[in-house]
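Step one of this worksheet: look at the structure below.
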Amino acid sequence: MRVLVTGAAGQIGYALVPMIARGVMLGADQPVILHMLDIPPAAEALNGVVATTDVVEACTGVNVAVMVGGFPRKEGMERKDVMSKNVSIYKAQASALEAHAAPNCKVLVVANPANTNALILKEFAPSIPERNVTCLTRLDHNRALGQISERLNVQVCDVKNVIIWGNHSSTQYPDVNHATVKTSSGEKPVRELVADDEWLNGEFITTVQQRGAAIIKARKLSSALSAASSACDHIRDWVLGTAEGTFVSMGVYSDGSYGVPAGLIYSFPVTCSGGEWKIVQGLPIDELSRKKMDATAQELSEEKALAYSCLE
Ligand code: NAX
């Protein structure tokens with residue numbers, strides 16, 4: 001399989017590329033050919049990882065595209081300026097993927113604003129099926145699992161089915177209403193074991209929402225290893241499938257499920273099998289969840305409008 005990583009000379013790229021080469025993303029027995037793209041100012045750093053600054057060369061024949069490259073928000077920049085830079089990057093790279101990627105190429109957008117970059121990519125690559133364009137919210141999902149495991153002093157692999165709804169931003173809604181923990185007497189709901197709704201409805205949510213900012217504060221750099229590892233989790237589960245009874249969070253093109261407006265890239269609970277994701281249906285949604293799911297959808301609608309205004 002050919003795997004494209006854009007932004008390959010950056011922090012996440014540096015951590016991600018060796019993981020893919022080691023089989024963490026697609027399995028130990030899957031041979032991979034890595035395509036690494038960055039921009040000319042990064043060419044010198046790129047020499048350290050071997051790659052290209054030619055978009056067409058990078059996109060040709062790829063089966064998986066992990067889009068980490070983008071324009072970061074710099075001090076003093078307005079949201080609209082950052083959006084406009086990323087819209088033009090994602091519009092151009094959408095066309096390159098559409099023209100040169102392998103049929104059925106799976107796309108994961110990591111670069112922020114991840115959901116909206118993915119939406120622009122989808123809009124400008126109409127021949128790539130919409131189900132093939134996704135964005136990363138698995139890092140937030142993994143952070144939510146981590147918070148619960150720490151609180152209950154259990155292994156993180158024993159916690160499952162948390163959900164990240166919506167935008168990969170501070171309006172995301174980390175939801176534990178359907179999450180469970182494996183115990184010696186079977187699977188138990190997280191709400192029952194934690195038995196502290198105030199924490200679950202308050203600090204737990206804000207900690208997950210703000211974790212990215214907390215890391216920047218501590219490291220003076222944003223998350224890199226955890227983001228790379230989550231990108232591998234996302235693609236691995238998508239390609240190789242999720243375990244029976246387990247769902248994960250992925251930013252996917254909304255079909256209107258759970259009253260989320262169609263036409264947004266919104267993070268939903270999904271299961272994967274045979275290389276396809278499916279939104280988990282029929283989960284009961286309480287009033288608090290509804291409000292939070294709508295608020296993050298509202299933010300995404302606003303981002304979409306802003307992105308489109310940059311195209312005019
Ligand atoms: P870096 O600035 O270290 O790396 C970005 C790389 O992208 C740079 O080497 C840059 O030259 C390259 N680049 C810029 N424009 C490009 C283009 N048009 N084509 C190809 N490459 C291009 O950032 P890093 O820390 O690696 O983060 C990358 C992106 O991930 C950022 O947008 C960041 O906000 C986003 N994140 C998203 C996360 C998520 O969960 N969805 C979490 C981690 C991270 O914050």
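Residues in the structure tokens are numbered from 1 in each chain, the chains being A, B, ... in the order shown, and ligands are numbered from 1 in the order shown.
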Checklist entry - Skipping near chain neighbours, those fewer than 4 positions away, what residues fall within 9 Å of region 164-174 of chain A using only C-alpha atoms, listed as number ranges by chain? => result A: 112-116, 135-138, 140-141, 144, 204-206, 208-210, 212, 248-251, 260, 265-269, 289, 292-297, 299-300
Write the residues of the preceding selection, restricted to N, CA and C atoms, as a short mmCIF file (atom, residue, chain, number, x, y, z; two decimals), in the first residue's frame.
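Written out: out.cif:
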data_model
loop_
_atom_site.label_atom_id
_atom_site.label_comp_id
_atom_site.auth_asym_id
_atom_site.auth_seq_id
_atom_site.Cartn_x
_atom_site.Cartn_y
_atom_site.Cartn_z
N ASN A 112 -5.25 21.25 11.47
CA ASN A 112 -6.38 22.09 11.91
C ASN A 112 -6.64 23.25 10.97
N PRO A 113 -7.89 23.71 10.89
CA PRO A 113 -9.09 23.14 11.50
C PRO A 113 -9.48 21.83 10.81
N ALA A 114 -9.27 20.70 11.50
CA ALA A 114 -9.30 19.39 10.84
C ALA A 114 -10.63 19.09 10.14
N ASN A 115 -11.75 19.34 10.84
CA ASN A 115 -13.05 18.98 10.24
C ASN A 115 -13.29 19.79 8.97
N THR A 116 -12.98 21.08 9.05
CA THR A 116 -13.29 21.95 7.92
C THR A 116 -12.29 21.76 6.78
N CYS A 135 -11.70 13.02 9.30
CA CYS A 135 -10.71 13.80 10.06
C CYS A 135 -10.46 13.16 11.42
N LEU A 136 -9.36 13.58 12.02
CA LEU A 136 -8.90 12.93 13.26
C LEU A 136 -9.56 13.51 14.51
N THR A 137 -10.33 12.69 15.21
CA THR A 137 -10.78 13.04 16.57
C THR A 137 -10.41 11.89 17.52
N ARG A 138 -9.62 10.96 16.99
CA ARG A 138 -9.24 9.80 17.79
C ARG A 138 -8.32 10.19 18.95
N ASP A 140 -8.66 12.88 20.75
CA ASP A 140 -9.58 13.30 21.80
C ASP A 140 -10.24 12.06 22.44
N HIS A 141 -10.61 11.11 21.59
CA HIS A 141 -11.21 9.86 22.05
C HIS A 141 -10.26 9.13 23.01
N ALA A 144 -10.05 10.82 26.30
CA ALA A 144 -11.23 10.54 27.14
C ALA A 144 -11.08 9.17 27.81
N PHE A 204 -14.37 16.38 33.76
CA PHE A 204 -13.97 15.39 32.75
C PHE A 204 -14.07 15.99 31.35
N ILE A 205 -15.21 16.60 31.07
CA ILE A 205 -15.44 17.17 29.72
C ILE A 205 -14.44 18.27 29.42
N THR A 206 -14.27 19.20 30.38
CA THR A 206 -13.37 20.33 30.07
C THR A 206 -11.91 19.87 29.97
N VAL A 208 -10.81 17.04 28.75
CA VAL A 208 -10.59 16.48 27.41
C VAL A 208 -10.61 17.61 26.37
N GLN A 209 -11.57 18.52 26.52
CA GLN A 209 -11.67 19.62 25.54
C GLN A 209 -10.42 20.49 25.52
N GLN A 210 -9.82 20.67 26.72
CA GLN A 210 -8.70 21.62 26.85
C GLN A 210 -7.33 20.95 26.84
N GLY A 212 -5.43 19.72 24.55
CA GLY A 212 -4.50 20.23 23.53
C GLY A 212 -3.83 21.51 24.01
N VAL A 248 -15.46 3.52 17.99
CA VAL A 248 -14.42 4.55 18.10
C VAL A 248 -14.96 5.83 17.48
N SER A 249 -14.26 6.95 17.71
CA SER A 249 -14.74 8.22 17.17
C SER A 249 -13.96 8.59 15.91
N MET A 250 -14.70 9.00 14.89
CA MET A 250 -14.08 9.47 13.64
C MET A 250 -14.86 10.66 13.13
N GLY A 251 -14.14 11.65 12.61
CA GLY A 251 -14.82 12.77 11.94
C GLY A 251 -15.20 12.30 10.54
N VAL A 260 -27.73 15.69 13.39
CA VAL A 260 -26.59 16.56 13.04
C VAL A 260 -26.79 16.97 11.59
N ILE A 265 -18.47 17.76 8.29
CA ILE A 265 -17.63 16.66 8.77
C ILE A 265 -17.68 16.75 10.29
N TYR A 266 -18.30 15.76 10.91
CA TYR A 266 -18.66 15.81 12.33
C TYR A 266 -18.17 14.49 12.94
N SER A 267 -17.67 14.54 14.16
CA SER A 267 -17.18 13.31 14.78
C SER A 267 -18.35 12.52 15.38
N PHE A 268 -18.44 11.25 14.97
CA PHE A 268 -19.50 10.34 15.41
C PHE A 268 -18.87 9.06 15.99
N PRO A 269 -19.66 8.30 16.73
CA PRO A 269 -19.21 6.94 17.07
C PRO A 269 -19.38 6.06 15.84
N SER A 289 -26.63 16.09 26.53
CA SER A 289 -25.88 15.69 25.34
C SER A 289 -26.39 16.43 24.11
N LYS A 292 -25.06 19.90 23.90
CA LYS A 292 -23.63 19.97 23.58
C LYS A 292 -23.37 19.52 22.13
N MET A 293 -24.14 18.54 21.66
CA MET A 293 -23.98 18.09 20.27
C MET A 293 -24.40 19.18 19.30
N ASP A 294 -25.45 19.92 19.68
CA ASP A 294 -25.92 21.01 18.80
C ASP A 294 -24.93 22.17 18.80
N ALA A 295 -24.34 22.46 19.97
CA ALA A 295 -23.42 23.60 20.05
C ALA A 295 -22.20 23.37 19.17
N THR A 296 -21.67 22.15 19.19
CA THR A 296 -20.47 21.88 18.38
C THR A 296 -20.85 21.83 16.88
N ALA A 297 -22.08 21.38 16.57
CA ALA A 297 -22.54 21.40 15.16
C ALA A 297 -22.66 22.85 14.69
N GLU A 299 -20.93 25.39 15.71
CA GLU A 299 -19.60 25.93 15.44
C GLU A 299 -19.09 25.44 14.07
N LEU A 300 -19.37 24.17 13.76
CA LEU A 300 -18.92 23.64 12.47
C LEU A 300 -19.64 24.32 11.31
#
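Residues in contact with Leu306 (chain A) at 12 Å, where only C-alpha atoms are counted and same-chain residues fewer than 3 positions away are skipped, are listed as Glu78, Arg79, Lys80, Asp81, Val82, Met83, Ser84, Asn86, Val87, Pro113, Thr116, Asn117, Ile120, Glu299, Leu300, Ser301, Glu302, Glu303, Ser309, Cys310, Leu311 and Glu312 of chain A.
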Expected file: the selected residues, C-alpha atoms, as a compact mmCIF listing (two decimals), in the first residue's frame:
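Output saved as result.txt:
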# COMPACT_ATOMS: atom_id res chain seq x y z
CA GLU A 78 -7.35 36.37 12.59
CA ARG A 79 -9.30 33.11 12.33
CA LYS A 80 -10.31 34.07 8.83
CA ASP A 81 -6.69 34.51 7.69
CA VAL A 82 -5.74 31.04 8.93
CA MET A 83 -8.87 29.57 7.38
CA SER A 84 -8.14 31.22 4.07
CA ASN A 86 -5.80 26.30 4.77
CA VAL A 87 -8.73 26.45 2.38
CA PRO A 113 -9.09 23.14 11.50
CA THR A 116 -13.29 21.95 7.92
CA ASN A 117 -10.07 21.16 6.05
CA ILE A 120 -12.94 21.44 1.74
CA GLU A 299 -19.60 25.93 15.44
CA LEU A 300 -18.92 23.64 12.47
CA SER A 301 -21.66 25.34 10.42
CA GLU A 302 -20.03 28.68 11.18
CA GLU A 303 -16.59 27.34 10.19
CA SER A 309 -16.44 32.99 2.29
CA CYS A 310 -12.67 32.48 1.78
CA LEU A 311 -13.41 30.84 -1.58
CA GLU A 312 -15.35 33.81 -2.92
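Note that the spacing between CA of Leu16 (chain A) and atom 41 (N, counted along the ligand's line) of ligand 1 amounts to 13.4 Å.
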Checklist entry - region 57-296 of chain A: which residues are strand (DSSP E or B) by DSSP, as a PyMOL selection string? => result chain A and resi 64-67+106-109+133-135+159-160+163-166+173-175+180-183+186-189+248-253+265-273+276-279
Can you write out the residues you just picked, keeping N, CA and C atoms, as a short mmCIF file (atom, residue, chain, number, x, y, z; two decimals), in the first residue's frame?
data_model
loop_
_atom_site.label_atom_id
_atom_site.label_comp_id
_atom_site.auth_asym_id
_atom_site.auth_seq_id
_atom_site.Cartn_x
_atom_site.Cartn_y
_atom_site.Cartn_z
N VAL A 64 -3.60 5.46 0.94
CA VAL A 64 -3.96 6.12 2.20
C VAL A 64 -3.26 7.48 2.19
N ALA A 65 -4.00 8.53 2.54
CA ALA A 65 -3.39 9.87 2.59
C ALA A 65 -3.63 10.45 3.98
N VAL A 66 -2.55 10.74 4.69
CA VAL A 66 -2.66 11.34 6.02
C VAL A 66 -2.20 12.79 5.89
N MET A 67 -3.15 13.71 6.00
CA MET A 67 -2.89 15.11 5.69
C MET A 67 -2.57 15.88 6.97
N LYS A 106 -8.13 6.26 0.88
CA LYS A 106 -8.72 6.69 2.16
C LYS A 106 -7.94 7.90 2.67
N VAL A 107 -8.69 8.94 3.04
CA VAL A 107 -8.04 10.19 3.43
C VAL A 107 -8.34 10.50 4.90
N LEU A 108 -7.29 10.83 5.64
CA LEU A 108 -7.44 11.29 7.03
C LEU A 108 -6.82 12.67 7.14
N VAL A 109 -7.61 13.67 7.52
CA VAL A 109 -7.07 15.02 7.71
C VAL A 109 -6.78 15.23 9.19
N VAL A 133 -13.38 10.37 3.03
CA VAL A 133 -12.70 11.57 3.55
C VAL A 133 -13.10 11.76 5.03
N THR A 134 -12.10 11.70 5.90
CA THR A 134 -12.38 11.73 7.34
C THR A 134 -11.41 12.70 8.03
N CYS A 135 -11.70 13.02 9.30
CA CYS A 135 -10.71 13.80 10.06
C CYS A 135 -10.46 13.16 11.42
N VAL A 159 -11.32 0.12 29.12
CA VAL A 159 -12.37 1.13 28.97
C VAL A 159 -12.72 1.20 27.48
N LYS A 160 -14.02 1.29 27.16
CA LYS A 160 -14.36 1.44 25.74
C LYS A 160 -15.65 2.22 25.55
N ILE A 163 -17.38 8.53 23.44
CA ILE A 163 -17.66 9.14 22.12
C ILE A 163 -17.17 10.59 22.14
N ILE A 164 -16.53 10.98 21.06
CA ILE A 164 -16.30 12.42 20.82
C ILE A 164 -17.28 12.82 19.74
N TRP A 165 -18.16 13.76 20.08
CA TRP A 165 -19.12 14.28 19.09
C TRP A 165 -18.60 15.63 18.58
N GLY A 166 -18.69 15.83 17.27
CA GLY A 166 -18.54 17.17 16.72
C GLY A 166 -17.18 17.57 16.22
N TYR A 173 -17.80 17.41 22.17
CA TYR A 173 -18.49 16.87 23.34
C TYR A 173 -18.01 15.44 23.63
N PRO A 174 -17.14 15.28 24.65
CA PRO A 174 -16.74 13.94 25.08
C PRO A 174 -17.86 13.34 25.95
N ASP A 175 -18.41 12.23 25.49
CA ASP A 175 -19.63 11.65 26.07
C ASP A 175 -19.32 10.26 26.64
N THR A 180 -18.21 1.78 28.78
CA THR A 180 -18.18 0.71 29.78
C THR A 180 -16.74 0.37 30.16
N VAL A 181 -16.64 -0.35 31.28
CA VAL A 181 -15.33 -0.83 31.74
C VAL A 181 -15.42 -2.33 31.97
N LYS A 182 -14.40 -3.03 31.52
CA LYS A 182 -14.35 -4.49 31.74
C LYS A 182 -13.93 -4.73 33.19
N THR A 183 -14.74 -5.46 33.95
CA THR A 183 -14.37 -5.77 35.33
C THR A 183 -14.42 -7.29 35.51
N GLY A 186 -17.80 -8.70 34.68
CA GLY A 186 -18.42 -8.30 33.40
C GLY A 186 -18.27 -6.82 33.13
N GLU A 187 -18.91 -6.38 32.03
CA GLU A 187 -18.80 -4.97 31.64
C GLU A 187 -19.76 -4.11 32.45
N LYS A 188 -19.25 -3.01 33.00
CA LYS A 188 -20.09 -2.12 33.81
C LYS A 188 -20.08 -0.72 33.19
N PRO A 189 -21.22 0.00 33.27
CA PRO A 189 -21.23 1.36 32.73
C PRO A 189 -20.27 2.28 33.50
N VAL A 248 -15.46 3.52 17.99
CA VAL A 248 -14.42 4.55 18.10
C VAL A 248 -14.96 5.83 17.48
N SER A 249 -14.26 6.95 17.71
CA SER A 249 -14.74 8.22 17.17
C SER A 249 -13.96 8.59 15.91
N MET A 250 -14.70 9.00 14.89
CA MET A 250 -14.08 9.47 13.64
C MET A 250 -14.86 10.66 13.13
N GLY A 251 -14.14 11.65 12.61
CA GLY A 251 -14.82 12.77 11.94
C GLY A 251 -15.20 12.30 10.54
N VAL A 252 -16.51 12.21 10.28
CA VAL A 252 -16.97 11.71 8.98
C VAL A 252 -18.06 12.63 8.42
N TYR A 253 -18.37 12.43 7.16
CA TYR A 253 -19.36 13.28 6.49
C TYR A 253 -20.75 12.94 7.04
N ILE A 265 -18.47 17.76 8.29
CA ILE A 265 -17.63 16.66 8.77
C ILE A 265 -17.68 16.75 10.29
N TYR A 266 -18.30 15.76 10.91
CA TYR A 266 -18.66 15.81 12.33
C TYR A 266 -18.17 14.49 12.94
N SER A 267 -17.67 14.54 14.16
CA SER A 267 -17.18 13.31 14.78
C SER A 267 -18.35 12.52 15.38
N PHE A 268 -18.44 11.25 14.97
CA PHE A 268 -19.50 10.34 15.41
C PHE A 268 -18.87 9.06 15.99
N PRO A 269 -19.66 8.30 16.73
CA PRO A 269 -19.21 6.94 17.07
C PRO A 269 -19.38 6.06 15.84
N VAL A 270 -18.35 5.30 15.50
CA VAL A 270 -18.44 4.43 14.32
C VAL A 270 -17.89 3.04 14.66
N THR A 271 -18.35 2.07 13.87
CA THR A 271 -17.69 0.76 13.85
C THR A 271 -17.15 0.58 12.44
N CYS A 272 -16.09 -0.22 12.30
CA CYS A 272 -15.51 -0.41 10.98
C CYS A 272 -15.40 -1.90 10.69
N SER A 273 -15.67 -2.23 9.43
CA SER A 273 -15.53 -3.61 8.98
C SER A 273 -15.34 -3.61 7.47
N GLU A 276 -14.78 -0.26 5.68
CA GLU A 276 -15.82 0.78 5.67
C GLU A 276 -16.23 1.12 7.10
N TRP A 277 -16.50 2.40 7.35
CA TRP A 277 -17.02 2.80 8.67
C TRP A 277 -18.53 2.92 8.59
N LYS A 278 -19.18 2.76 9.72
CA LYS A 278 -20.62 2.91 9.81
C LYS A 278 -20.94 3.64 11.11
N ILE A 279 -21.78 4.68 11.05
CA ILE A 279 -22.15 5.39 12.27
C ILE A 279 -23.00 4.46 13.14
#
Next on the checklist: Distance limit 6 Å, reference ligand 1, atoms considered: only C-alpha atoms and all ligand atoms. Which residues make the cut? Give them as a list of chain:residue names.
Outcome noted: A:Thr6, A:Gly7, A:Ala8, A:Ala9, A:Gly10, A:Gln11, A:Ile12, A:Gly13, A:Leu37, A:Asp38, A:Ile39, A:Ala42, A:Val68, A:Gly69, A:Gly70, A:Phe71, A:Pro72, A:Ile89, A:Val110, A:Ala111, A:Asn112, A:Ala114, A:Leu136, A:Thr137, A:Leu139, A:Ser222, A:Ser223, A:Ala224, A:Ala227
Item to check | Expected answer as a ChimeraX atom specification: helix (DSSP H, G or I) residues in region 3-245 of chain A | outcome: /A:11-22,40-47,55-59,79-100,114-123,130-132,138-152,156-158,190-194,197-201,203-219,225-240
Within 12 Å of Thr52 (chain A), counting only C-alpha atoms, which residues qualify if same-chain residues fewer than 3 places away don't, as a PDB file with C-alpha atoms, in the first residue's frame?
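This is the output file out20.pdb:
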ATOM      1  CA  LEU A   4       0.985   9.680   1.752  1.00  0.00           C
ATOM      2  CA  VAL A   5       1.949  11.848   4.733  1.00  0.00           C
ATOM      3  CA  THR A   6       1.767  15.595   4.149  1.00  0.00           C
ATOM      4  CA  GLY A   7       3.557  17.901   6.584  1.00  0.00           C
ATOM      5  CA  ALA A   8       6.112  15.088   6.783  1.00  0.00           C
ATOM      6  CA  ALA A   9       8.933  17.330   8.017  1.00  0.00           C
ATOM      7  CA  LEU A  34       5.813   5.966   1.995  1.00  0.00           C
ATOM      8  CA  HIS A  35       5.177   9.223   0.138  1.00  0.00           C
ATOM      9  CA  MET A  36       6.269  12.208   2.209  1.00  0.00           C
ATOM     10  CA  LEU A  37       5.303  15.712   1.165  1.00  0.00           C
ATOM     11  CA  ASP A  38       6.335  19.038   2.599  1.00  0.00           C
ATOM     12  CA  ILE A  39       6.809  22.538   1.179  1.00  0.00           C
ATOM     13  CA  PRO A  40      10.036  24.008  -0.240  1.00  0.00           C
ATOM     14  CA  PRO A  41      10.976  25.999   2.926  1.00  0.00           C
ATOM     15  CA  ALA A  42      11.039  22.650   4.762  1.00  0.00           C
ATOM     16  CA  ALA A  43      13.083  20.917   2.065  1.00  0.00           C
ATOM     17  CA  GLU A  44      16.250  20.918   4.136  1.00  0.00           C
ATOM     18  CA  ALA A  45      14.517  19.323   7.135  1.00  0.00           C
ATOM     19  CA  LEU A  46      12.854  16.947   4.730  1.00  0.00           C
ATOM     20  CA  ASN A  47      16.249  15.653   3.609  1.00  0.00           C
ATOM     21  CA  GLY A  48      16.373  14.112   7.059  1.00  0.00           C
ATOM     22  CA  VAL A  49      13.405  11.883   6.209  1.00  0.00           C
ATOM     23  CA  VAL A  55       2.413  17.477  -4.800  1.00  0.00           C
ATOM     24  CA  VAL A  56       1.760  15.362  -7.887  1.00  0.00           C
ATOM     25  CA  GLU A  57       4.671  13.025  -7.175  1.00  0.00           C
ATOM     26  CA  ALA A  58       3.491  12.766  -3.550  1.00  0.00           C
ATOM     27  CA  CYS A  59      -0.124  11.927  -4.408  1.00  0.00           C
ATOM     28  CA  THR A  60       0.449   9.506  -7.266  1.00  0.00           C
TER      29      THR A  60
END
Report as a compact mmCIF listing (two decimals) with C-alpha atoms, in the first residue's frame all protein, DNA and RNA residues lying within 9 Å of Leu152 (chain A), evaluated on only C-alpha atoms, omitting residues in the same chain fewer than 5 positions from it.
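Output saved as result_33.txt:
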# COMPACT_ATOMS: atom_id res chain seq x y z
CA GLN A 147 -9.16 10.20 31.86
CA LEU A 193 -18.46 2.95 38.40
CA VAL A 194 -17.42 6.60 38.56
Next on the checklist: Using Å and a single decimal, report how far CA of Leu240 (chain A) sits from CA of Tyr258 (chain A).
Outcome noted: 26.1 Å
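Rounded to one decimal, CA of Ser226 (chain A) and CA of Val162 (chain A) lie 17.6 Å from each other.
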